[in-house]
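Visitor: First the structure, then my questions, so here it is.
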2 protein chains.
Amino acid sequence: MNLDEKKKILKEKGYSLTFQRIAILEYLENCKTHPSVEMIYEELRKKYPVFSKATIYNNLQVLKNLGLIWELEIESGKVRFDGNPEFHPHFLCKECGKIFDLYVGEESKKFPQEIEGYRVEEIRINYYGICSQCRKKRK
Amino acid sequence: MNLDEKKKILKEKGYSLTFQRIAILEYLENCKTHPSVEMIYEELRKKYPVFSKATIYNNLQVLKNLGLIWELEIESGKVRFDGNPEFHPHFLCKECGKIFDLYVGEESKKFPQEIEGYRVEEIRINYYGICSQCRKKRK
DNA sequence: CCGAGGAGTTGAAATTATTAAAAATTTTTT
DNA sequence: AAAAAATTTTTAATAATTTCAACTCCTCGG
């Protein structure tokens, strides 16, 4: 889902395409580091000095609820965002703390998609360990 | 892993088996609701009125780092604990907010355990949706 | 048995993250 | 262009977590 599609959905759902919302969407689109609220705030501030943190909190919720971005549940107690809302597992490196996107394709659908008695709407898969960069450094 | 095994590991790693640590371990062992720090604090307070929150924070970290309990990454921004550190997926109900343990057996091991280039140490799987109780209520 | 040293605990204060409320501004509608 | 609605900003309140100095409880050597 690209930026224009996201804008279109916002519009369709009755939300204004404000300057701030677009800036947030655009930033997340280009940012591959799965930033926290604080990081998003810092970066957008550099470009646009008047940018309120409350606005960022508000809009991240709006965008998340529309399914345009992902709020990651991978690092306990810490909130991170991903501009790509399509299903893919994540990898958190215990050494450098970076989060990586994984694209494991069809294979990742081999685990149970249904649970008896429950209505499953979403599945999230997190891997934890050491990333390739950190493994090389160790040697 | 039962309580005695956990105690043994604590001892082996050079930690004292304090009253507080055992109380926390014991509580998590019997509690199936994946409590937050606040809930653990409230409950233990009822029994032992002098129990500091700082102690709970400290010891939850100690127990987690030894792998005796799980800190769940399932509800963004919120911290929950599970006394059972053995692999099992979780289900978060969007309606009632409860977290359920899932035991999907061998099936759950069919998805990729290894990721090219990375050292995978742990995998966590979260399901989101509506639990069976809430589904019944809806009708 | 005593006292020093260390690990652990406590309670309070400080810090950080998040949410809420009210006023100001912008956008949309008419 | 004016009125209404939506959004942003600022400030304040709340909640979660960490820090820290004082205190307690063990343990060990004398």
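We name chains A, B, ... following the order of the structure tokens; residues begin at 1 in each chain, and ligands are numbered from 1 as shown.
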Based on only C-alpha atoms (C1' of nucleotides), which of the residues in chain A come within 12 Å of chain C? I want them as a PyMOL selection string.
Guide: chain A and resi 14-20+36-38+53-58+77-79
Visitor: Tell me the residues of chain A close to chain B, meaning within 7 Å using only C-alpha atoms, as a PDB file with C-alpha atoms, in the first residue's frame.
Guide:
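part_4.pdb was written with the following content:
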ATOM      1  CA  LEU A  72       4.373  -3.190  16.838  1.00  0.00           C
ATOM      2  CA  GLU A  73       4.129  -5.434  19.874  1.00  0.00           C
ATOM      3  CA  ILE A  74       7.664  -6.684  19.980  1.00  0.00           C
ATOM      4  CA  GLU A  75       9.574  -4.902  22.721  1.00  0.00           C
ATOM      5  CA  SER A  76       7.749  -5.057  26.005  1.00  0.00           C
ATOM      6  CA  GLY A  77       6.502  -1.723  27.221  1.00  0.00           C
ATOM      7  CA  LYS A  78       7.896   0.105  24.226  1.00  0.00           C
ATOM      8  CA  VAL A  79       5.845   1.266  21.272  1.00  0.00           C
ATOM      9  CA  GLU A 107       6.151 -20.617   4.480  1.00  0.00           C
ATOM     10  CA  SER A 108       5.025 -18.299   7.244  1.00  0.00           C
ATOM     11  CA  LYS A 109       1.457 -19.370   6.749  1.00  0.00           C
ATOM     12  CA  LYS A 110       2.141 -22.927   7.741  1.00  0.00           C
ATOM     13  CA  PHE A 111       1.350 -22.468  11.392  1.00  0.00           C
ATOM     14  CA  PRO A 112      -2.280 -22.680  12.515  1.00  0.00           C
ATOM     15  CA  GLY A 117     -13.635 -21.616  19.278  1.00  0.00           C
ATOM     16  CA  TYR A 118     -11.870 -18.298  18.742  1.00  0.00           C
ATOM     17  CA  ARG A 119     -12.317 -15.751  15.974  1.00  0.00           C
ATOM     18  CA  VAL A 120      -8.793 -15.010  14.757  1.00  0.00           C
ATOM     19  CA  GLU A 121      -8.485 -11.610  13.118  1.00  0.00           C
ATOM     20  CA  GLU A 122      -4.770 -11.070  13.128  1.00  0.00           C
ATOM     21  CA  ILE A 123      -1.534 -12.912  13.750  1.00  0.00           C
ATOM     22  CA  ARG A 124       1.810 -11.422  14.673  1.00  0.00           C
ATOM     23  CA  ILE A 125       5.087 -13.252  14.692  1.00  0.00           C
ATOM     24  CA  ASN A 126       8.217 -11.987  16.404  1.00  0.00           C
ATOM     25  CA  TYR A 127      11.691 -13.456  16.251  1.00  0.00           C
ATOM     26  CA  TYR A 128      14.364 -12.570  18.804  1.00  0.00           C
ATOM     27  CA  GLY A 129      18.083 -13.131  18.609  1.00  0.00           C
ATOM     28  CA  ILE A 130      21.205 -11.675  17.030  1.00  0.00           C
ATOM     29  CA  CYS A 131      21.141  -9.994  13.622  1.00  0.00           C
ATOM     30  CA  SER A 132      23.690 -10.709  10.915  1.00  0.00           C
TER      31      SER A 132
END
Visitor: Over all Cα atoms in order, fit chain B to chain A and jot down the RMSD to one decimal place.
Guide: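 Per the least-squares fit, the RMSD is 0.2 Å.
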Visitor: Among region 16-119 of chain A, which residues does DSSP mark as helix (DSSP H, G or I) when it is run on the backbone? Keep the chain and numbering as in the structure and answer as JSON, numbers by chain.
Guide: {"A": [19, 20, 21, 22, 23, 24, 25, 26, 27, 28, 29, 30, 37, 38, 39, 40, 41, 42, 43, 44, 45, 46, 47, 53, 54, 55, 56, 57, 58, 59, 60, 61, 62, 63, 64, 65, 105, 106, 107, 108, 109]}
Visitor: For the residues selected in the previous step, produce a file with N, CA and C atoms as a tab-separated table (two decimals), in the first residue's frame.
Guide:
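New file result17.tsv:
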chain	number	residue	atom	x	y	z
A	19	PHE	N	-1.79	18.60	6.70
A	19	PHE	CA	-0.35	18.69	6.58
A	19	PHE	C	0.36	17.71	7.52
A	20	GLN	N	-0.07	17.72	8.78
A	20	GLN	CA	0.58	16.87	9.78
A	20	GLN	C	0.43	15.38	9.48
A	21	ARG	N	-0.77	14.99	9.08
A	21	ARG	CA	-0.99	13.56	8.80
A	21	ARG	C	-0.13	13.08	7.65
A	22	ILE	N	-0.05	13.92	6.65
A	22	ILE	CA	0.76	13.53	5.50
A	22	ILE	C	2.23	13.44	5.87
A	23	ALA	N	2.67	14.40	6.68
A	23	ALA	CA	4.07	14.38	7.10
A	23	ALA	C	4.38	13.09	7.86
A	24	ILE	N	3.47	12.68	8.73
A	24	ILE	CA	3.70	11.45	9.50
A	24	ILE	C	3.71	10.23	8.58
A	25	LEU	N	2.72	10.16	7.71
A	25	LEU	CA	2.65	9.02	6.78
A	25	LEU	C	3.90	8.95	5.92
A	26	GLU	N	4.30	10.11	5.41
A	26	GLU	CA	5.47	10.16	4.53
A	26	GLU	C	6.72	9.72	5.28
A	27	TYR	N	6.84	10.20	6.50
A	27	TYR	CA	8.02	9.83	7.28
A	27	TYR	C	8.08	8.32	7.50
A	28	LEU	N	6.95	7.75	7.89
A	28	LEU	CA	6.93	6.31	8.16
A	28	LEU	C	7.17	5.50	6.89
A	29	GLU	N	6.72	6.06	5.78
A	29	GLU	CA	6.88	5.38	4.49
A	29	GLU	C	8.37	5.20	4.15
A	30	ASN	N	9.15	6.22	4.47
A	30	ASN	CA	10.57	6.20	4.09
A	30	ASN	C	11.47	5.64	5.18
A	37	VAL	N	7.50	6.80	19.17
A	37	VAL	CA	6.85	8.11	19.11
A	37	VAL	C	7.91	9.21	19.24
A	38	GLU	N	8.79	9.02	20.19
A	38	GLU	CA	9.83	10.01	20.44
A	38	GLU	C	10.68	10.25	19.19
A	39	MET	N	11.05	9.17	18.52
A	39	MET	CA	11.89	9.30	17.32
A	39	MET	C	11.14	10.03	16.21
A	40	ILE	N	9.87	9.70	16.05
A	40	ILE	CA	9.06	10.35	15.03
A	40	ILE	C	8.99	11.84	15.34
A	41	TYR	N	8.75	12.13	16.59
A	41	TYR	CA	8.64	13.52	17.04
A	41	TYR	C	9.93	14.28	16.75
A	42	GLU	N	11.05	13.72	17.14
A	42	GLU	CA	12.35	14.37	16.93
A	42	GLU	C	12.59	14.68	15.46
A	43	GLU	N	12.36	13.67	14.62
A	43	GLU	CA	12.64	13.83	13.20
A	43	GLU	C	11.75	14.87	12.55
A	44	LEU	N	10.46	14.79	12.86
A	44	LEU	CA	9.54	15.73	12.23
A	44	LEU	C	9.78	17.14	12.74
A	45	ARG	N	10.21	17.25	13.96
A	45	ARG	CA	10.54	18.55	14.53
A	45	ARG	C	11.67	19.25	13.77
A	46	LYS	N	12.63	18.44	13.37
A	46	LYS	CA	13.76	19.01	12.63
A	46	LYS	C	13.27	19.75	11.41
A	47	LYS	N	12.35	19.11	10.72
A	47	LYS	CA	11.84	19.69	9.49
A	47	LYS	C	10.80	20.78	9.77
A	53	LYS	N	3.55	17.05	20.02
A	53	LYS	CA	3.62	15.63	20.30
A	53	LYS	C	2.22	15.03	20.41
A	54	ALA	N	1.29	15.80	20.95
A	54	ALA	CA	-0.09	15.32	21.07
A	54	ALA	C	-0.64	14.99	19.69
A	55	THR	N	-0.31	15.79	18.72
A	55	THR	CA	-0.77	15.54	17.35
A	55	THR	C	-0.23	14.22	16.84
A	56	ILE	N	1.02	13.96	17.18
A	56	ILE	CA	1.62	12.71	16.75
A	56	ILE	C	0.91	11.54	17.41
A	57	TYR	N	0.69	11.62	18.69
A	57	TYR	CA	-0.04	10.56	19.38
A	57	TYR	C	-1.42	10.37	18.76
A	58	ASN	N	-2.14	11.48	18.60
A	58	ASN	CA	-3.49	11.38	18.03
A	58	ASN	C	-3.48	10.71	16.67
A	59	ASN	N	-2.63	11.19	15.80
A	59	ASN	CA	-2.68	10.71	14.43
A	59	ASN	C	-2.14	9.30	14.27
A	60	LEU	N	-1.19	8.93	15.10
A	60	LEU	CA	-0.73	7.55	15.02
A	60	LEU	C	-1.89	6.62	15.35
A	61	GLN	N	-2.71	7.02	16.30
A	61	GLN	CA	-3.88	6.20	16.63
A	61	GLN	C	-4.86	6.14	15.46
A	62	VAL	N	-5.12	7.30	14.86
A	62	VAL	CA	-6.04	7.34	13.72
A	62	VAL	C	-5.53	6.44	12.59
A	63	LEU	N	-4.27	6.60	12.25
A	63	LEU	CA	-3.69	5.83	11.15
A	63	LEU	C	-3.67	4.34	11.47
A	64	LYS	N	-3.40	4.03	12.70
A	64	LYS	CA	-3.39	2.64	13.12
A	64	LYS	C	-4.79	2.04	13.02
A	65	ASN	N	-5.78	2.78	13.50
A	65	ASN	CA	-7.14	2.25	13.48
A	65	ASN	C	-7.69	2.06	12.07
A	105	GLY	N	7.39	-15.19	3.09
A	105	GLY	CA	6.50	-15.72	2.06
A	105	GLY	C	5.49	-16.74	2.53
A	106	GLU	N	5.19	-17.69	1.66
A	106	GLU	CA	4.16	-18.68	1.94
A	106	GLU	C	4.46	-19.53	3.17
A	107	GLU	N	5.72	-19.78	3.36
A	107	GLU	CA	6.15	-20.62	4.48
A	107	GLU	C	5.55	-20.17	5.80
A	108	SER	N	5.47	-18.84	5.96
A	108	SER	CA	5.02	-18.30	7.24
A	108	SER	C	3.56	-18.60	7.53
A	109	LYS	N	2.87	-19.09	6.52
A	109	LYS	CA	1.46	-19.37	6.75
A	109	LYS	C	1.21	-20.81	7.16
Visitor: Taking only C-alpha atoms (C1' of nucleotides) into account, which residues of chain D are within 12 Å of chain B, as a list in words?
Guide: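 Therefore, the residues near the partner are DA15, DA16, DT17, DT18, DT19, DC20, DC25, DC26 and DT27 of chain D.
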Visitor: Please, which residues of chain A, numbered as in this document, come out strand (DSSP E) from DSSP, as a count of residues only?
Guide: 25
Visitor: Could you please determine the separation between CA of Gly67 (chain A) and CA of Cys96 (chain B) in Å, to one decimal place?
Guide: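 The value is 21.0 Å.
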Visitor: Could you check how far C1' of DT7 (chain D) sits from CA of Lys13 (chain A), in Å to one decimal?
Guide: 15.3 Å
Visitor: Of the residues A:Glu95, A:Leu66, A:Asp82, A:Arg138, which is the one nearest to Glu12 (chain A), using only C-alpha atoms?
Guide: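 Closest residue, counting only C-alpha atoms: A:Leu66.
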